[in-house]
$ cat model00.tsv   # TSV, N, CA and C atoms
chain	number	residue	atom	x	y	z
A	1	MET	N	9.55	71.35	-92.97
A	1	MET	CA	9.04	71.06	-91.66
A	1	MET	C	8.18	69.82	-91.63
A	2	LYS	N	7.47	69.67	-92.73
A	2	LYS	CA	6.60	68.51	-92.79
A	2	LYS	C	7.41	67.21	-92.71
A	3	SER	N	8.52	67.18	-93.30
A	3	SER	CA	9.33	65.97	-93.26
A	3	SER	C	9.92	65.74	-91.86
A	4	LEU	N	10.19	66.79	-91.10
A	4	LEU	CA	10.70	66.63	-89.74
A	4	LEU	C	9.61	66.07	-88.84
A	5	LYS	N	8.37	66.58	-89.01
A	5	LYS	CA	7.25	66.04	-88.25
A	5	LYS	C	7.02	64.57	-88.58
A	6	THR	N	7.11	64.23	-89.83
A	6	THR	CA	6.92	62.85	-90.26
A	6	THR	C	7.99	61.95	-89.66
A	7	LYS	N	9.24	62.42	-89.64
A	7	LYS	CA	10.32	61.63	-89.06
A	7	LYS	C	10.13	61.43	-87.56
A	8	ILE	N	9.67	62.45	-86.86
A	8	ILE	CA	9.44	62.36	-85.42
A	8	ILE	C	8.29	61.39	-85.14
A	9	LEU	N	7.22	61.50	-85.88
A	9	LEU	CA	6.09	60.59	-85.69
A	9	LEU	C	6.47	59.13	-85.98
A	10	MET	N	7.23	58.92	-87.01
A	10	MET	CA	7.67	57.55	-87.35
A	10	MET	C	8.57	56.98	-86.26
A	11	SER	N	9.45	57.81	-85.75
A	11	SER	CA	10.34	57.32	-84.69
A	11	SER	C	9.56	57.04	-83.41
A	12	LEU	N	8.58	57.89	-83.07
A	12	LEU	CA	7.74	57.63	-81.89
A	12	LEU	C	6.92	56.36	-82.08
A	13	PHE	N	6.39	56.17	-83.27
A	13	PHE	CA	5.63	54.94	-83.55
A	13	PHE	C	6.52	53.70	-83.41
A	14	THR	N	7.74	53.76	-83.93
A	14	THR	CA	8.68	52.65	-83.84
A	14	THR	C	9.07	52.38	-82.39
A	15	LEU	N	9.31	53.44	-81.62
A	15	LEU	CA	9.63	53.27	-80.20
A	15	LEU	C	8.46	52.65	-79.44
A	16	GLY	N	7.26	53.05	-79.77
A	16	GLY	CA	6.08	52.50	-79.11
A	16	GLY	C	5.95	50.99	-79.34
A	17	ILE	N	6.17	50.59	-80.56
A	17	ILE	CA	6.11	49.16	-80.87
A	17	ILE	C	7.23	48.41	-80.15
A	18	ALA	N	8.42	48.96	-80.12
A	18	ALA	CA	9.56	48.32	-79.46
A	18	ALA	C	9.29	48.16	-77.96
A	19	PHE	N	8.76	49.22	-77.32
A	19	PHE	CA	8.47	49.14	-75.88
A	19	PHE	C	7.34	48.15	-75.59
A	20	SER	N	6.37	48.05	-76.46
A	20	SER	CA	5.27	47.10	-76.21
A	20	SER	C	5.77	45.66	-76.24
A	21	PHE	N	6.71	45.35	-77.14
A	21	PHE	CA	7.29	44.00	-77.15
A	21	PHE	C	8.21	43.78	-75.96
A	22	ALA	N	8.92	44.80	-75.55
A	22	ALA	CA	9.84	44.68	-74.42
A	22	ALA	C	9.11	44.45	-73.12
A	23	TRP	N	7.92	45.01	-72.96
A	23	TRP	CA	7.17	44.86	-71.71
A	23	TRP	C	6.16	43.72	-71.76
A	24	GLY	N	6.26	42.84	-72.70
A	24	GLY	CA	5.41	41.65	-72.72
A	24	GLY	C	4.16	41.77	-73.56
A	25	GLY	N	4.04	42.81	-74.33
A	25	GLY	CA	2.86	42.97	-75.16
A	25	GLY	C	2.81	41.97	-76.30
A	26	GLY	N	3.95	41.41	-76.69
A	26	GLY	CA	4.00	40.49	-77.80
A	26	GLY	C	3.92	39.04	-77.39
A	27	LEU	N	3.76	38.75	-76.08
A	27	LEU	CA	3.71	37.37	-75.61
A	27	LEU	C	2.30	36.80	-75.76
A	28	ALA	N	2.22	35.53	-76.02
A	28	ALA	CA	0.93	34.85	-76.11
A	28	ALA	C	0.74	34.02	-74.85
A	29	TYR	N	-0.43	34.12	-74.24
A	29	TYR	CA	-0.73	33.36	-73.03
A	29	TYR	C	-1.52	32.11	-73.42
A	30	ALA	N	-1.10	30.96	-72.88
A	30	ALA	CA	-1.77	29.70	-73.21
A	30	ALA	C	-1.67	28.76	-72.01
A	31	ASP	N	-2.41	27.68	-72.04
A	31	ASP	CA	-2.32	26.66	-71.01
A	31	ASP	C	-0.97	25.97	-71.11
A	32	PRO	N	-0.48	25.44	-69.97
A	32	PRO	CA	0.78	24.71	-70.03
A	32	PRO	C	0.61	23.40	-70.78
A	33	PRO	N	1.67	22.83	-71.34
A	33	PRO	CA	1.53	21.53	-72.01
A	33	PRO	C	1.12	20.45	-71.02
A	34	GLN	N	0.55	19.37	-71.50
A	34	GLN	CA	0.01	18.33	-70.62
A	34	GLN	C	1.08	17.65	-69.78
A	35	TRP	N	2.30	17.60	-70.25
A	35	TRP	CA	3.35	16.93	-69.50
A	35	TRP	C	3.96	17.83	-68.43
A	36	ALA	N	3.67	19.13	-68.45
A	36	ALA	CA	4.26	20.07	-67.49
A	36	ALA	C	3.47	20.05	-66.19
A	37	PRO	N	4.13	20.24	-65.04
A	37	PRO	CA	3.40	20.31	-63.78
A	37	PRO	C	2.52	21.56	-63.76
A	38	ALA	N	1.31	21.40	-63.28
A	38	ALA	CA	0.37	22.51	-63.27
A	38	ALA	C	0.53	23.34	-62.00
A	39	HIS	N	0.38	24.66	-62.14
A	39	HIS	CA	0.46	25.58	-61.02
A	39	HIS	C	-0.80	26.44	-61.01
A	40	GLY	N	-1.09	27.05	-59.88
A	40	GLY	CA	-2.21	27.99	-59.79
A	40	GLY	C	-3.55	27.30	-60.02
A	41	TYR	N	-4.37	27.90	-60.85
A	41	TYR	CA	-5.72	27.40	-61.11
A	41	TYR	C	-5.70	25.97	-61.63
A	42	HIS	N	-4.84	25.68	-62.59
A	42	HIS	CA	-4.79	24.34	-63.18
A	42	HIS	C	-4.30	23.30	-62.18
A	43	GLY	N	-3.40	23.69	-61.28
A	43	GLY	CA	-2.93	22.77	-60.26
A	43	GLY	C	-4.04	22.39	-59.29
A	44	LYS	N	-4.85	23.36	-58.90
A	44	LYS	CA	-5.96	23.08	-58.00
A	44	LYS	C	-6.99	22.19	-58.67
A	45	LYS	N	-7.28	22.47	-59.94
A	45	LYS	CA	-8.24	21.67	-60.69
A	45	LYS	C	-7.76	20.22	-60.79
A	46	TYR	N	-6.45	20.03	-61.03
A	46	TYR	CA	-5.89	18.69	-61.16
A	46	TYR	C	-5.97	17.95	-59.83
A	47	LYS	N	-5.70	18.64	-58.72
A	47	LYS	CA	-5.75	17.97	-57.41
A	47	LYS	C	-7.16	17.50	-57.10
A	48	LYS	N	-8.17	18.30	-57.44
A	48	LYS	CA	-9.56	17.88	-57.21
A	48	LYS	C	-9.88	16.64	-58.04
A	49	TYR	N	-9.44	16.64	-59.31
A	49	TYR	CA	-9.69	15.49	-60.17
A	49	TYR	C	-9.00	14.25	-59.63
A	50	LYS	N	-7.77	14.41	-59.17
A	50	LYS	CA	-7.00	13.28	-58.67
A	50	LYS	C	-7.67	12.66	-57.45
A	51	LYS	N	-8.16	13.50	-56.52
A	51	LYS	CA	-8.86	12.99	-55.35
A	51	LYS	C	-10.10	12.21	-55.75
A	52	HIS	N	-10.89	12.79	-56.64
A	52	HIS	CA	-12.13	12.16	-57.07
A	52	HIS	C	-11.87	10.86	-57.82
A	53	LYS	N	-10.81	10.82	-58.58
A	53	LYS	CA	-10.50	9.65	-59.39
A	53	LYS	C	-10.22	8.42	-58.52
A	54	HIS	N	-9.50	8.59	-57.41
A	54	HIS	CA	-9.13	7.46	-56.59
A	54	HIS	C	-10.24	7.02	-55.63
A	55	LYS	N	-11.30	7.78	-55.55
A	55	LYS	CA	-12.38	7.47	-54.64
A	55	LYS	C	-13.06	6.14	-54.99
A	56	HIS	N	-13.15	5.84	-56.28
A	56	HIS	CA	-13.91	4.67	-56.73
A	56	HIS	C	-13.15	3.36	-56.59
A	57	HIS	N	-11.85	3.38	-56.35
A	57	HIS	CA	-11.08	2.15	-56.30
A	57	HIS	C	-11.03	1.52	-54.92
A	58	LYS	N	-11.63	2.16	-53.92
A	58	LYS	CA	-11.56	1.64	-52.56
A	58	LYS	C	-12.35	0.35	-52.39
A	59	HIS	N	-13.46	0.22	-53.10
A	59	HIS	CA	-14.36	-0.92	-52.91
A	59	HIS	C	-14.36	-1.85	-54.11
A	60	LYS	N	-13.21	-2.13	-54.63
A	60	LYS	CA	-13.12	-3.00	-55.80
A	60	LYS	C	-13.41	-4.44	-55.38
A	61	LYS	N	-14.14	-5.13	-56.22
A	61	LYS	CA	-14.47	-6.53	-55.95
A	61	LYS	C	-13.64	-7.43	-56.86
A	62	TYR	N	-13.22	-8.55	-56.33
A	62	TYR	CA	-12.44	-9.54	-57.07
A	62	TYR	C	-13.28	-10.80	-57.19
A	63	SER	N	-13.46	-11.27	-58.42
A	63	SER	CA	-14.29	-12.46	-58.67
A	63	SER	C	-13.44	-13.72	-58.66
A	64	TYR	N	-13.97	-14.76	-58.05
A	64	TYR	CA	-13.31	-16.07	-57.98
A	64	TYR	C	-14.36	-17.15	-58.17
A	65	VAL	N	-13.89	-18.32	-58.55
A	65	VAL	CA	-14.71	-19.52	-58.53
A	65	VAL	C	-14.17	-20.37	-57.38
A	66	TYR	N	-15.03	-20.66	-56.41
A	66	TYR	CA	-14.60	-21.37	-55.21
A	66	TYR	C	-15.12	-22.80	-55.26
A	67	TYR	N	-14.24	-23.74	-54.96
A	67	TYR	CA	-14.58	-25.16	-54.90
A	67	TYR	C	-14.52	-25.58	-53.44
A	68	PRO	N	-15.68	-25.62	-52.75
A	68	PRO	CA	-15.69	-25.85	-51.30
A	68	PRO	C	-15.13	-27.22	-50.87
A	69	ASN	N	-15.33	-28.25	-51.66
A	69	ASN	CA	-14.89	-29.58	-51.22
A	69	ASN	C	-13.37	-29.66	-51.04
A	70	ASN	N	-12.62	-28.91	-51.84
A	70	ASN	CA	-11.16	-28.94	-51.73
A	70	ASN	C	-10.57	-27.60	-51.28
A	71	GLN	N	-11.43	-26.63	-50.99
A	71	GLN	CA	-11.01	-25.29	-50.57
A	71	GLN	C	-10.04	-24.67	-51.58
A	72	VAL	N	-10.47	-24.69	-52.83
A	72	VAL	CA	-9.66	-24.17	-53.94
A	72	VAL	C	-10.37	-22.95	-54.54
A	73	TYR	N	-9.59	-21.92	-54.83
A	73	TYR	CA	-10.10	-20.72	-55.49
A	73	TYR	C	-9.48	-20.63	-56.89
A	74	TYR	N	-10.32	-20.37	-57.87
A	74	TYR	CA	-9.83	-20.12	-59.22
A	74	TYR	C	-9.98	-18.64	-59.53
A	75	SER	N	-8.91	-18.01	-60.01
A	75	SER	CA	-8.93	-16.61	-60.38
A	75	SER	C	-9.00	-16.48	-61.90
A	76	PRO	N	-10.13	-16.02	-62.45
A	76	PRO	CA	-10.22	-15.86	-63.90
A	76	PRO	C	-9.27	-14.79	-64.43
A	77	VAL	N	-8.96	-13.79	-63.61
A	77	VAL	CA	-8.07	-12.72	-64.05
A	77	VAL	C	-6.64	-13.24	-64.17
A	78	ARG	N	-6.17	-13.95	-63.16
A	78	ARG	CA	-4.81	-14.49	-63.19
A	78	ARG	C	-4.73	-15.86	-63.87
A	79	ARG	N	-5.89	-16.45	-64.14
A	79	ARG	CA	-5.98	-17.77	-64.79
A	79	ARG	C	-5.18	-18.83	-64.06
A	80	GLY	N	-5.45	-18.90	-62.76
A	80	GLY	CA	-4.76	-19.90	-61.95
A	80	GLY	C	-5.55	-20.19	-60.68
A	81	TYR	N	-5.00	-21.12	-59.88
A	81	TYR	CA	-5.67	-21.64	-58.70
A	81	TYR	C	-4.89	-21.28	-57.43
A	82	TYR	N	-5.65	-20.93	-56.39
A	82	TYR	CA	-5.10	-20.80	-55.04
A	82	TYR	C	-5.58	-22.01	-54.26
A	83	TYR	N	-4.66	-22.71	-53.61
A	83	TYR	CA	-5.05	-23.88	-52.82
A	83	TYR	C	-4.07	-24.07	-51.66
A	84	PRO	N	-4.56	-24.69	-50.57
A	84	PRO	CA	-3.67	-24.92	-49.43
A	84	PRO	C	-2.75	-26.12	-49.71
A	85	TYR	N	-1.47	-25.95	-49.33
A	85	TYR	CA	-0.50	-27.02	-49.53
A	85	TYR	C	0.51	-26.96	-48.39
A	86	ARG	N	0.53	-28.00	-47.57
A	86	ARG	CA	1.45	-28.12	-46.43
A	86	ARG	C	1.43	-26.90	-45.51
A	87	GLY	N	0.22	-26.43	-45.21
A	87	GLY	CA	0.07	-25.32	-44.27
A	87	GLY	C	0.20	-23.93	-44.87
A	88	ASN	N	0.49	-23.83	-46.14
A	88	ASN	CA	0.59	-22.53	-46.82
A	88	ASN	C	-0.34	-22.49	-48.02
A	89	TRP	N	-0.64	-21.28	-48.45
A	89	TRP	CA	-1.44	-21.12	-49.66
A	89	TRP	C	-0.51	-20.98	-50.85
A	90	VAL	N	-0.86	-21.68	-51.94
A	90	VAL	CA	-0.03	-21.71	-53.14
A	90	VAL	C	-0.87	-21.22	-54.31
A	91	PHE	N	-0.22	-20.49	-55.22
A	91	PHE	CA	-0.87	-20.12	-56.48
A	91	PHE	C	-0.16	-20.85	-57.60
A	92	ASN	N	-0.94	-21.49	-58.49
A	92	ASN	CA	-0.36	-22.21	-59.62
A	92	ASN	C	-1.40	-22.25	-60.74
A	93	VAL	N	-0.93	-22.31	-61.97
A	93	VAL	CA	-1.86	-22.41	-63.10
A	93	VAL	C	-2.40	-23.82	-63.26
A	94	ASN	N	-1.72	-24.81	-62.68
A	94	ASN	CA	-2.18	-26.20	-62.72
A	94	ASN	C	-2.40	-26.70	-61.30
A	95	LEU	N	-3.37	-27.57	-61.17
A	95	LEU	CA	-3.62	-28.19	-59.86
A	95	LEU	C	-2.84	-29.49	-59.75
A	96	PRO	N	-2.47	-29.88	-58.54
A	96	PRO	CA	-1.85	-31.21	-58.38
A	96	PRO	C	-2.86	-32.31	-58.73
A	97	ASN	N	-2.35	-33.45	-59.10
A	97	ASN	CA	-3.23	-34.58	-59.48
A	97	ASN	C	-4.10	-35.06	-58.33
A	98	SER	N	-3.68	-34.77	-57.10
A	98	SER	CA	-4.44	-35.24	-55.93
A	98	SER	C	-5.72	-34.43	-55.71
A	99	ILE	N	-5.84	-33.28	-56.31
A	99	ILE	CA	-7.03	-32.44	-56.11
A	99	ILE	C	-8.00	-32.65	-57.27
A	100	ARG	N	-9.21	-33.05	-56.93
A	100	ARG	CA	-10.30	-33.21	-57.90
A	100	ARG	C	-11.35	-32.16	-57.58
A	101	LEU	N	-11.68	-31.35	-58.57
A	101	LEU	CA	-12.64	-30.29	-58.34
A	101	LEU	C	-14.06	-30.84	-58.39
A	102	GLY	N	-14.89	-30.39	-57.47
A	102	GLY	CA	-16.30	-30.79	-57.42
A	102	GLY	C	-17.18	-29.63	-57.84
A	103	ARG	N	-18.24	-29.42	-57.07
A	103	ARG	CA	-19.15	-28.32	-57.42
A	103	ARG	C	-18.46	-26.99	-57.18
A	104	ALA	N	-18.88	-26.00	-57.94
A	104	ALA	CA	-18.25	-24.68	-57.87
A	104	ALA	C	-19.27	-23.62	-57.50
A	105	VAL	N	-18.76	-22.56	-56.86
A	105	VAL	CA	-19.58	-21.42	-56.47
A	105	VAL	C	-18.84	-20.16	-56.91
A	106	SER	N	-19.53	-19.24	-57.59
A	106	SER	CA	-18.93	-17.96	-57.95
A	106	SER	C	-19.06	-17.00	-56.77
A	107	ILE	N	-17.95	-16.41	-56.37
A	107	ILE	CA	-17.95	-15.48	-55.24
A	107	ILE	C	-17.19	-14.22	-55.60
A	108	GLU	N	-17.47	-13.16	-54.85
A	108	GLU	CA	-16.73	-11.91	-54.97
A	108	GLU	C	-16.14	-11.58	-53.62
A	109	LEU	N	-14.86	-11.27	-53.62
A	109	LEU	CA	-14.16	-10.92	-52.39
A	109	LEU	C	-13.56	-9.53	-52.50
A	110	GLY	N	-13.12	-8.98	-51.40
A	110	GLY	CA	-12.65	-7.61	-51.36
A	110	GLY	C	-11.17	-7.43	-51.60
A	111	GLY	N	-10.45	-8.46	-52.03
A	111	GLY	CA	-9.02	-8.30	-52.23
A	111	GLY	C	-8.44	-9.29	-53.22
A	112	PRO	N	-7.18	-9.08	-53.60
A	112	PRO	CA	-6.54	-9.92	-54.61
A	112	PRO	C	-6.04	-11.26	-54.06
A	113	THR	N	-6.09	-11.46	-52.75
A	113	THR	CA	-5.65	-12.73	-52.17
A	113	THR	C	-6.85	-13.40	-51.50
A	114	PRO	N	-7.44	-14.39	-52.13
A	114	PRO	CA	-8.66	-14.98	-51.58
A	114	PRO	C	-8.45	-15.69	-50.24
A	115	TYR	N	-7.25	-16.18	-49.98
A	115	TYR	CA	-7.01	-16.89	-48.73
A	115	TYR	C	-7.09	-15.95	-47.52
A	116	ALA	N	-6.98	-14.66	-47.73
A	116	ALA	CA	-7.15	-13.71	-46.62
A	116	ALA	C	-8.60	-13.69	-46.15
A	117	TYR	N	-9.53	-14.05	-47.01
A	117	TYR	CA	-10.95	-14.07	-46.68
A	117	TYR	C	-11.45	-15.49	-46.42
A	118	HIS	N	-10.56	-16.45	-46.41
A	118	HIS	CA	-10.96	-17.86	-46.31
A	118	HIS	C	-11.77	-18.19	-45.04
A	119	PRO	N	-11.40	-17.67	-43.85
A	119	PRO	CA	-12.23	-17.99	-42.68
A	119	PRO	C	-13.70	-17.58	-42.85
A	120	THR	N	-13.95	-16.47	-43.50
A	120	THR	CA	-15.32	-16.04	-43.75
A	120	THR	C	-15.99	-16.92	-44.80
A	121	VAL	N	-15.24	-17.30	-45.82
A	121	VAL	CA	-15.79	-18.10	-46.91
A	121	VAL	C	-16.19	-19.49	-46.43
A	122	ILE	N	-15.36	-20.13	-45.58
A	122	ILE	CA	-15.71	-21.50	-45.15
A	122	ILE	C	-16.89	-21.49	-44.19
A	123	ASN	N	-17.17	-20.36	-43.53
A	123	ASN	CA	-18.39	-20.28	-42.72
A	123	ASN	C	-19.63	-20.24	-43.61
A	124	GLN	N	-19.50	-19.58	-44.74
A	124	GLN	CA	-20.63	-19.47	-45.66
A	124	GLN	C	-20.79	-20.72	-46.51
A	125	TYR	N	-19.66	-21.33	-46.92
A	125	TYR	CA	-19.67	-22.53	-47.76
A	125	TYR	C	-18.86	-23.62	-47.04
A	126	PRO	N	-19.46	-24.34	-46.13
A	126	PRO	CA	-18.71	-25.35	-45.39
A	126	PRO	C	-18.27	-26.52	-46.29
A	127	VAL	N	-17.19	-27.16	-45.84
A	127	VAL	CA	-16.65	-28.31	-46.57
A	127	VAL	C	-17.56	-29.50	-46.33
A	128	VAL	N	-18.00	-30.14	-47.42
A	128	VAL	CA	-18.85	-31.32	-47.34
A	128	VAL	C	-18.05	-32.49	-47.87
A	129	VAL	N	-17.78	-33.45	-47.01
A	129	VAL	CA	-17.01	-34.62	-47.43
A	129	VAL	C	-17.99	-35.74	-47.72
A	130	VAL	N	-17.89	-36.26	-48.94
A	130	VAL	CA	-18.77	-37.36	-49.37
A	130	VAL	C	-17.88	-38.58	-49.55
A	131	ASN	N	-18.20	-39.64	-48.81
A	131	ASN	CA	-17.45	-40.89	-48.94
A	131	ASN	C	-18.04	-41.72	-50.07
A	132	ASP	N	-17.18	-42.16	-50.96
A	132	ASP	CA	-17.65	-42.98	-52.09
A	132	ASP	C	-17.77	-44.42	-51.70

$ encode --input "model00.tsv" --output "structure tokens"
Amino acid sequence: MKSLKTKILMSLFTLGIAFSFAWGGGLAYADPPQWAPAHGYHGKKYKKYKKHKHKHHKHKKYSYVYYPNNQVYYSPVRRGYYYPYRGNWVFNVNLPNSIRLGRAVSIELGGPTPYAYHPTVINQYPVVVVND
């Protein structure tokens, strides 16, 4: 009889282990990998971070060196010059021979195209023509 009891207990123990794995007892819970889209709690946390992250880029300043006598802007980031040519603004790494740079002023503007702010800039730094 003892051996029958032992066999029944062993089979019940084995069935218990099998059912626990079948119903998810053997699964490990972990965070999703970084490349996977986040859902639930992690998705909400990511959305908050994303909103906060972009908040600081709204008021970015762009630095230029402005030459008022010829109305030329130099961009240290792009390493080139913006200047008016035949009614349009041109960007080039070299200036034409006809343009001679005079005194310079360091300025900060609110965008990547300095000519969009030119009407405001010429009010602050008017063109001074000196006859030689």

$ atom_distance --input "model00.tsv" --atom1 "atom N of Tyr74 (chain A)" --atom2 "atom C of Gly87 (chain A)"
17.1 Å

$ atom_distance --input "model00.tsv" --atom1 "CA of Ile122 (chain A)" --atom2 "CA of Pro68 (chain A)"
7.5 Å

$ closest_residue --input "model00.tsv" --among "A:Tyr82, A:Gln71, A:Tyr66, A:Asn123" --to "Val105 (chain A)" --atoms "all atoms listed in the file"
A:Tyr66

$ atom_distance --input "model00.tsv" --atom1 "atom C of Tyr125 (chain A)" --atom2 "atom C of Leu101 (chain A)"
14.3 Å

$ residues_near_point --input "model00.tsv" --point "(-19.0, -22.3, -58.0)" --cutoff "9 Å" --atoms "only C-alpha atoms" --output "PyMOL selection string"
chain A and resi 64-68+102-107

$ select_by_dssp --input "model00.tsv" --residues "region 50-102 of chain A" --states "helix (DSSP H, G or I)" --output "ChimeraX atom specification"
/A:50-55

$ select_by_dssp --input "model00.tsv" --residues "region 55-117 of chain A" --states "strand (DSSP E)" --output "JSON, numbers by chain"
{"A": [62, 63, 64, 65, 66, 67, 72, 73, 74, 75, 80, 81, 82, 83, 84, 85, 88, 89, 90, 91, 92, 105, 106, 107, 108, 109]}

$ closest_residue --input "model00.tsv" --among "A:Val72, A:Tyr83, A:Lys61, A:Ser11" --to "Gly111 (chain A)" --atoms "only C-alpha atoms"
A:Lys61

$ residues_near_point --input "model00.tsv" --point "(-14.4, -7.6, -50.9)" --cutoff "8 Å" --atoms "all atoms listed in the file" --output "list of chain:residue names"
A:His59, A:Lys60, A:Lys61, A:Tyr62, A:Glu108, A:Leu109, A:Gly110, A:Gly111, A:Pro112
